[in-house]
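Structure first, then comments.
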There are 2 protein chains.
Amino acid sequence: MNLKQLSDMLALSQTTVSRALNGYPEVSEETRRRVADAAKRHGYRPNPSARRLATGKAGMIGYVMPTGAAVDIDPHFVEFLSGLGDYARGHELDLVLSPAAADEEETTYRRVVANKQVDAVYVSSPRPADRRIILLNQLGIPYIVHGRSEGLDFDYAFLDIDNEAAFHDAARLLVQLGHTRIGLVNGDLGETFAILRERGARRALAASGLCLEEERIRSMAMTEENGFRAAMDLLRAKAPPTAILCSSLIMALGVVRAIRDLGLSVPGDVSVIAHDDVFPWLKPENFSVPLTTTRSSIRAAGQRIAERLAAKISGLENEPRGEVWPVDLVVRGSIAGAKT
Amino acid sequence: MNLKQLSDMLALSQTTVSRALNGYPEVSEETRRRVADAAKRHGYRPNPSARRLATGKAGMIGYVMPTGAAVDIDPHFVEFLSGLGDYARGHELDLVLSPAAADEEETTYRRVVANKQVDAVYVSSPRPADRRIILLNQLGIPYIVHGRSEGLDFDYAFLDIDNEAAFHDAARLLVQLGHTRIGLVNGDLGETFAILRERGARRALAASGLCLEEERIRSMAMTEENGFRAAMDLLRAKAPPTAILCSSLIMALGVVRAIRDLGLSVPGDVSVIAHDDVFPWLKPENFSVPLTTTRSSIRAAGQRIAERLAAKISGLENEPRGEVWPVDLVVRGSIAGAKT
DNA sequence: AGAGGAGTTCAAAGCGCTTTGGCTGAAAAG
DNA sequence: CTTTTCAGCCAAAGCGCTTTGAACTCCTCT
């Protein structure tokens with residue numbers, strides 16, 4: 001069933017039918033009703049390719065997905081995607097994932113934009129002075145960054161959680177509990193969030209005249225194994241930390257395992273606080289010792305970003321606004337006062 | 001740069017340019033070269049919407065993504081997606097994710113197909129007699145199922161791992177080690193893979209005159225928490241299992257935690273074998289006791305499915321072929337002979 | 001009564017590509 | 001020398017939609 005058939009059936013022109021369906025004012029109410037009715041009854045749906053060709057609007061959100069043997073998409077992505085989907089579902093928005101090798105990312109963005117395959121894109125895991133953002137900005141397509149970049153000389157739309165405050169507060173809490181040697185098991189410093197978290201922790205310690213020593217910081221891809229290695233490393237040092245801040249639940253699995261392996265206990269010997277992105281399949285309260293976390297639902301972020309992208313597409317959101325969400329500090333059994 | 005501009009520039013008709021670019025024979029070699037050259041130099045790329053409108057071919061692979069507050073996409077999906085992307089990347093294929101609530105899945109498939117938004121789709125987590133497969137079959141769009149259904153009266157294309165053999169072999173190994181009371185911590189029985197795994201385990205026990213007791217089976221969503229609960233349940237029974245088969249690494253985390261919480265040990269008191277889909281961020285060899293696993297890379301499956309979908313699209317693969325991959329049984333420290 | 005609107009509707013021109021059917025000129029066949 | 005054949009190229013017709021510009025019908029106003 002296409003527009004022509006439908007309009008023939010109604011003895012109306014394609015123009016009128018199209019306008020009726022798209023809510024243009026110059027159609028009488030009665031006609032509109034008739035058209036809407038017939039359309040529904042016959043299950044008419046405008047062909048998106050045709051519409052796209054005519055309008056340039058795609059009804060899709062794009063994401064350039066880094067791929068390649070060396071690239072591991074991490075499980076956060078799936079939760080984020082769920083959120084995006086939650087919103088998109090109700091709004092007939094589809095997502096287009098364009099896989100690209102690391103060195104083809106820019107080309108891919110260019111292609112996607114030039115082809116008008118999507119109306120807007122989102123960018124994840126931004127790095128400082130991220131080139132993708134610079135590119136998108138000059139290409140002039142609506143976009144939102146999930147996370148933040150730094151060192152860009154223009155404003156851009158983003159949604160981020162307050163990583164700095166989260167780790168600041170977490171570190172401050174540890175300090176208040178009497179800890180002075182605090183370790184940080186962080187994500188890769190190539191990404192802004194990790195930089196901000198380190199900064200937050202550093203600031204909290206500094207406020208009490210303490211210092212986040214370089215040798216108590218580890219930054220690497222957030223796998224269980226790396227968490228384990230990092231913690232092992234830290235805890236075997238001459239003056240091991242009595243508390244560890246950790247950037248992800250998955251790493252925290254490794255951290256806790258390391259602590260155990262060394263015959264130490266949580267929180268008796270080592271207090272642990274981790275960041276929790278809220279996975280349905282791994283919960284901090286279910287760790288052998290319930291984990292204190294800084295918590296922010298990455299799924300909710302996905303929903304919000306979809307919503308804002310939709311707003312941008314329909315022209316409701318224009319200024320390049322940054323949105324920063326506060327992070328909950330959820331105290332559970334994994335922290336205790338420092339042994340004196 | 002569109003076709004018209006390019007052809008004007010070359011003083012050729014759009015027809016000829018189009019044909020030259022698409023490899024039709026009725027173009028002289030010299031012309032073809034000239035055209036290809038100019039196209040490359042000016043970065044000409046045919047507008048996909050226009051092409052799609054004209055040909056009906058989309059150059060995209062579709063996936064109807066279950067979404068909704070109640071639906072958790074699990075982390076396996078991301079690994080699978082990576083694989084799909086690995087292949088798609090090199091072949092200019094994009095993926096379209098169409099989010100759909102559980103009760104809108106069929107409608108969404110219909111929409112996607114009717115709109116010719118994609119050339120082929122893949123279906124994941126198939127259930128027995130899966131309605132989606134029936135639907136796709138009659139809609140006549142190329143598709144591949146990742147996993148298997150049962151009870152369908154027609155052949156369909158799928159790629160699955162040999163779940164039954166995997167769990168059969170794992171169970172047999174446990175039996176050979178002297179275990180007679182074996183527990184199964186499985187995924188939701190709504191999905192075929194879980195049914196097959198149970199069948200495999202059952203068969204192995206039966207072969208030795210043993211029985212996989214109903215009360216030693218738990219089937220539920222594969223979260224860490226459910227793994228914990230299930231194992232707790234099993235181990236607190238009057239005649240607790242001395243070995244546990246587990247359907248996922250994430251569940252296995254919970255299983256191991258339960259064993260520990262009860263003051264038992266792996267493999268001293270309880271042997272554990274789990275299925276490993278190969279995540280970069282959580283490895284069985286890094287469990288406190290290295291985990292014996294049945295292993296099959298879900299990422300590799302993604303690559304292969306993309307490859308086969310591409311073959312289907314270009315008409316290279318036609319018969320509805322089923323492909324079943326063997327599963328590795330990797331023995332590590334988590335199993336031991338049964339205490340006598 | 002005629003001009004000027006307001007309210008509806010329509011025919012036709014794109015959007016950028018593929019593809020059908022036809023045309024041309026030179027080489028092959030008669 | 002005429003007829004075929006065929007490689008190579010082209011004009012134009014879609015694909016299904018949106019949008020421009022025009023037209024037509026009623027009213028209202030002067």
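Every chain in the structure tokens has a letter given in the order shown (A, B, ...), and although residue numbers restart at 1 in each chain, ligands are simply numbered from 1 in the order shown.
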Inset, instruction - Please report as a list in words which residues of chain A come no farther than 6 Å from chain D, using only C-alpha atoms (C1' of nucleotides). - result: Ala50, Arg51 and Ala54 of chain A
Could you take the residues named above and write them with C-alpha atoms, as an mmCIF file, in the first residue's frame?
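Contents of again-v7.cif, freshly written:
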```cif
data_model
loop_
_atom_site.group_PDB
_atom_site.id
_atom_site.type_symbol
_atom_site.label_atom_id
_atom_site.label_comp_id
_atom_site.auth_asym_id
_atom_site.auth_seq_id
_atom_site.Cartn_x
_atom_site.Cartn_y
_atom_site.Cartn_z
ATOM 1 C CA ALA A 50 11.136 7.671 -0.325
ATOM 2 C CA ARG A 51 10.455 10.049 2.488
ATOM 3 C CA ALA A 54 12.312 13.729 -0.483
#
```
Inset, instruction - Please determine the contact residues of chain B with respect to chain C at a cut-off of 9 Å, counting only C-alpha atoms (C1' of nucleotides), and supply them as a list of chain:residue names. - result: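 Residues satisfying the distance criterion: B:Asn2, B:Leu3, B:Lys4, B:Thr15, B:Ser18, B:Arg19, B:Pro46, B:Asn47, B:Pro48, B:Ser49, B:Ala50, B:Arg51, B:Arg52, B:Leu53, B:Ala54, B:Thr55.
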Would you write out, as JSON lines, a table of all residues in chain B that have an atom no more than 7 Å from an atom of chain A, listing for each the closest atom pair and the distance in Å to one decimal, considering only C-alpha atoms and ordering rows by chain and rising residue number?
```
{"residue": "B:Asn47", "atom": "CA", "partner": "A:Asn115", "partner_atom": "CA", "distance": 5.5}
{"residue": "B:Pro48", "atom": "CA", "partner": "A:Asn115", "partner_atom": "CA", "distance": 6.6}
{"residue": "B:Ser49", "atom": "CA", "partner": "A:Ser49", "partner_atom": "CA", "distance": 5.2}
{"residue": "B:Ala50", "atom": "CA", "partner": "A:Leu53", "partner_atom": "CA", "distance": 6.0}
{"residue": "B:Arg52", "atom": "CA", "partner": "A:Ser49", "partner_atom": "CA", "distance": 6.5}
{"residue": "B:Leu53", "atom": "CA", "partner": "A:Ser49", "partner_atom": "CA", "distance": 5.7}
{"residue": "B:Thr67", "atom": "CA", "partner": "A:Asp86", "partner_atom": "CA", "distance": 5.8}
{"residue": "B:Gly68", "atom": "CA", "partner": "A:Asp86", "partner_atom": "CA", "distance": 5.5}
{"residue": "B:Asp72", "atom": "CA", "partner": "A:Pro280", "partner_atom": "CA", "distance": 7.0}
{"residue": "B:Ile73", "atom": "CA", "partner": "A:Ser82", "partner_atom": "CA", "distance": 6.6}
{"residue": "B:Pro75", "atom": "CA", "partner": "A:Pro75", "partner_atom": "CA", "distance": 5.4}
{"residue": "B:Val78", "atom": "CA", "partner": "A:Val78", "partner_atom": "CA", "distance": 5.9}
{"residue": "B:Ser82", "atom": "CA", "partner": "A:Thr67", "partner_atom": "CA", "distance": 6.3}
{"residue": "B:Gly85", "atom": "CA", "partner": "A:Pro99", "partner_atom": "CA", "distance": 5.2}
{"residue": "B:Asp86", "atom": "CA", "partner": "A:Gly68", "partner_atom": "CA", "distance": 5.5}
{"residue": "B:Ala88", "atom": "CA", "partner": "A:Pro99", "partner_atom": "CA", "distance": 6.7}
{"residue": "B:Arg89", "atom": "CA", "partner": "A:Pro99", "partner_atom": "CA", "distance": 5.0}
{"residue": "B:Asp94", "atom": "CA", "partner": "A:Ser98", "partner_atom": "CA", "distance": 5.0}
{"residue": "B:Leu95", "atom": "CA", "partner": "A:Leu97", "partner_atom": "CA", "distance": 5.1}
{"residue": "B:Val96", "atom": "CA", "partner": "A:Val96", "partner_atom": "CA", "distance": 4.5}
{"residue": "B:Leu97", "atom": "CA", "partner": "A:Leu95", "partner_atom": "CA", "distance": 5.0}
{"residue": "B:Ser98", "atom": "CA", "partner": "A:Asp94", "partner_atom": "CA", "distance": 4.9}
{"residue": "B:Pro99", "atom": "CA", "partner": "A:Arg89", "partner_atom": "CA", "distance": 5.0}
{"residue": "B:Ala100", "atom": "CA", "partner": "A:Arg89", "partner_atom": "CA", "distance": 5.6}
{"residue": "B:Asn115", "atom": "CA", "partner": "A:Asn47", "partner_atom": "CA", "distance": 5.5}
{"residue": "B:Thr223", "atom": "CA", "partner": "A:Trp281", "partner_atom": "CA", "distance": 4.2}
{"residue": "B:Glu224", "atom": "CA", "partner": "A:Leu282", "partner_atom": "CA", "distance": 5.5}
{"residue": "B:Glu225", "atom": "CA", "partner": "A:Asn286", "partner_atom": "CA", "distance": 6.7}
{"residue": "B:Arg257", "atom": "CA", "partner": "A:Ser288", "partner_atom": "CA", "distance": 6.7}
{"residue": "B:Pro280", "atom": "CA", "partner": "A:Asp72", "partner_atom": "CA", "distance": 6.9}
{"residue": "B:Trp281", "atom": "CA", "partner": "A:Thr223", "partner_atom": "CA", "distance": 4.2}
{"residue": "B:Leu282", "atom": "CA", "partner": "A:Glu224", "partner_atom": "CA", "distance": 5.5}
{"residue": "B:Asn286", "atom": "CA", "partner": "A:Glu225", "partner_atom": "CA", "distance": 6.7}
{"residue": "B:Ser288", "atom": "CA", "partner": "A:Arg257", "partner_atom": "CA", "distance": 6.7}
```
Output the selection as a compact mmCIF listing (two decimals), in the first residue's frame - C-alpha atoms for each residue.
```txt
# COMPACT_ATOMS: atom_id res chain seq x y z
CA ASN B 47 23.04 8.28 -2.03
CA PRO B 48 21.77 5.18 -0.28
CA SER B 49 18.23 6.43 0.06
CA ALA B 50 17.97 7.01 -3.64
CA ARG B 52 17.28 1.96 -2.03
CA LEU B 53 14.24 3.61 -3.48
CA THR B 67 13.41 -3.47 24.82
CA GLY B 68 11.33 -2.30 27.69
CA ASP B 72 17.42 -6.79 30.00
CA ILE B 73 19.62 -7.12 27.02
CA PRO B 75 26.08 -8.59 27.82
CA VAL B 78 27.58 -6.78 22.85
CA SER B 82 31.35 -6.81 17.97
CA GLY B 85 30.67 -5.40 13.22
CA ASP B 86 34.05 -6.95 12.53
CA ALA B 88 30.27 -5.67 8.41
CA ARG B 89 32.94 -3.04 8.66
CA ASP B 94 25.41 -1.11 8.50
CA LEU B 95 23.24 -2.53 11.22
CA VAL B 96 19.83 -1.22 12.00
CA LEU B 97 18.53 -1.86 15.45
CA SER B 98 14.80 -1.48 15.72
CA PRO B 99 13.79 -1.42 19.35
CA ALA B 100 10.50 -3.14 20.07
CA ASN B 115 9.63 -0.76 4.35
CA THR B 223 22.54 -13.03 36.38
CA GLU B 224 25.10 -13.31 39.11
CA GLU B 225 22.37 -13.07 41.68
CA ARG B 257 30.16 -17.11 45.81
CA PRO B 280 37.32 -9.97 27.10
CA TRP B 281 36.44 -8.58 30.49
CA LEU B 282 35.81 -11.72 32.46
CA ASN B 286 40.97 -15.76 36.44
CA SER B 288 39.72 -17.65 42.30
```
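One finds atom CA of A:Asp160 at 10.3 Å from atom CA of A:Ile144.
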Inset, instruction - Using DSSP on the backbone coordinates, identify the residues of stretch 7-199 of chain B assigned to strand (DSSP E); present them as a PyMOL selection string. - result: chain B and resi 60-66+94-100+120-124+143-146+158-161+182-186
Inset, instruction - Using DSSP on the backbone coordinates, identify the residues of stretch 162-330 of chain A assigned to helix (DSSP H, G or I); present them as number ranges by chain. - result: A: 163-176, 192-207, 214-216, 224-235, 249-261, 284-286, 298-313
Saved selection, atoms kept: C-alpha atoms, as a short mmCIF file (atom, residue, chain, number, x, y, z; two decimals), in the first residue's frame:
```cif
data_model
loop_
_atom_site.label_atom_id
_atom_site.label_comp_id
_atom_site.auth_asym_id
_atom_site.auth_seq_id
_atom_site.Cartn_x
_atom_site.Cartn_y
_atom_site.Cartn_z
CA ASN A 163 32.54 11.86 37.74
CA GLU A 164 34.70 14.33 39.52
CA ALA A 165 32.25 14.95 42.34
CA ALA A 166 31.52 11.24 42.62
CA PHE A 167 35.11 10.30 43.20
CA HIS A 168 35.72 13.38 45.25
CA ASP A 169 32.94 12.43 47.61
CA ALA A 170 33.98 8.82 47.71
CA ALA A 171 37.56 9.75 48.49
CA ARG A 172 36.49 12.28 51.08
CA LEU A 173 34.44 9.63 52.82
CA LEU A 174 37.47 7.39 52.99
CA VAL A 175 39.54 10.20 54.37
CA GLN A 176 36.93 10.90 56.98
CA THR A 192 37.90 11.89 29.97
CA PHE A 193 35.84 10.20 32.63
CA ALA A 194 38.93 8.56 34.04
CA ILE A 195 40.77 11.85 34.13
CA LEU A 196 37.91 13.48 35.95
CA ARG A 197 37.66 10.72 38.49
CA GLU A 198 41.32 10.95 39.26
CA ARG A 199 41.00 14.68 39.60
CA GLY A 200 38.10 14.33 42.00
CA ALA A 201 39.92 11.89 44.21
CA ARG A 202 43.05 13.98 44.15
CA ARG A 203 41.14 17.07 45.15
CA ALA A 204 39.49 15.35 48.09
CA LEU A 205 42.79 14.15 49.46
CA ALA A 206 44.44 17.46 48.91
CA ALA A 207 41.67 19.16 50.87
CA GLU A 214 51.26 8.42 41.57
CA GLU A 215 52.33 4.98 42.59
CA ARG A 216 48.94 4.28 44.04
CA GLU A 224 38.31 -8.13 35.82
CA GLU A 225 41.84 -9.22 35.12
CA ASN A 226 43.21 -5.71 35.09
CA GLY A 227 41.39 -4.99 38.32
CA PHE A 228 43.10 -7.96 39.86
CA ARG A 229 46.52 -7.04 38.58
CA ALA A 230 46.23 -3.46 39.62
CA ALA A 231 45.11 -4.33 43.13
CA MET A 232 47.81 -6.96 43.48
CA ASP A 233 50.32 -4.42 42.46
CA LEU A 234 49.13 -1.79 44.86
CA LEU A 235 48.74 -4.09 47.81
CA LEU A 249 32.15 -3.12 39.12
CA ILE A 250 33.87 -5.53 36.82
CA MET A 251 37.27 -4.30 37.86
CA ALA A 252 36.05 -4.46 41.43
CA LEU A 253 35.57 -8.19 41.02
CA GLY A 254 39.25 -8.44 40.35
CA VAL A 255 40.16 -6.07 43.12
CA VAL A 256 38.24 -8.07 45.66
CA ARG A 257 39.75 -11.28 44.38
CA ALA A 258 43.24 -9.84 44.80
CA ILE A 259 42.52 -8.74 48.32
CA ARG A 260 41.30 -12.20 49.15
CA ASP A 261 44.19 -13.91 47.47
CA PRO A 284 27.20 -4.45 44.18
CA GLU A 285 24.97 -5.53 47.04
CA ASN A 286 25.65 -9.10 46.03
CA ILE A 298 23.87 4.21 32.39
CA ARG A 299 20.61 2.97 31.03
CA ALA A 300 18.84 6.08 32.23
CA ALA A 301 21.51 8.08 30.46
CA GLY A 302 20.71 6.22 27.27
CA GLN A 303 17.08 7.12 27.58
CA ARG A 304 17.82 10.73 28.23
CA ILE A 305 20.20 10.97 25.31
CA ALA A 306 17.65 9.48 22.97
CA GLU A 307 15.15 11.98 24.25
CA ARG A 308 17.47 14.88 23.71
CA LEU A 309 18.49 13.67 20.30
CA ALA A 310 14.84 13.50 19.35
CA ALA A 311 14.41 17.04 20.63
CA LYS A 312 17.36 18.17 18.59
CA ILE A 313 16.04 16.52 15.47
#
```
Inset, instruction - State, in Å with one decimal place, the distance from atom CA of B:Ser271 to atom CA of B:Gly190. - result: 26.7 Å
Inset, instruction - Could you please determine the separation between atom CA of B:Pro320 and atom CA of B:Asp155 in Å, to one decimal place? - result: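 So the answer is 5.8 Å.
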Inset, instruction - Identify, on the basis of only C-alpha atoms (C1' of nucleotides), every residue whose closest approach to B:Thr180 does not exceed 8 Å; exclude the query and any residue fewer than 2 positions from it along the same chain; express the result as a PyMOL selection string. - result: chain B and resi 175+178+182+210+241-242
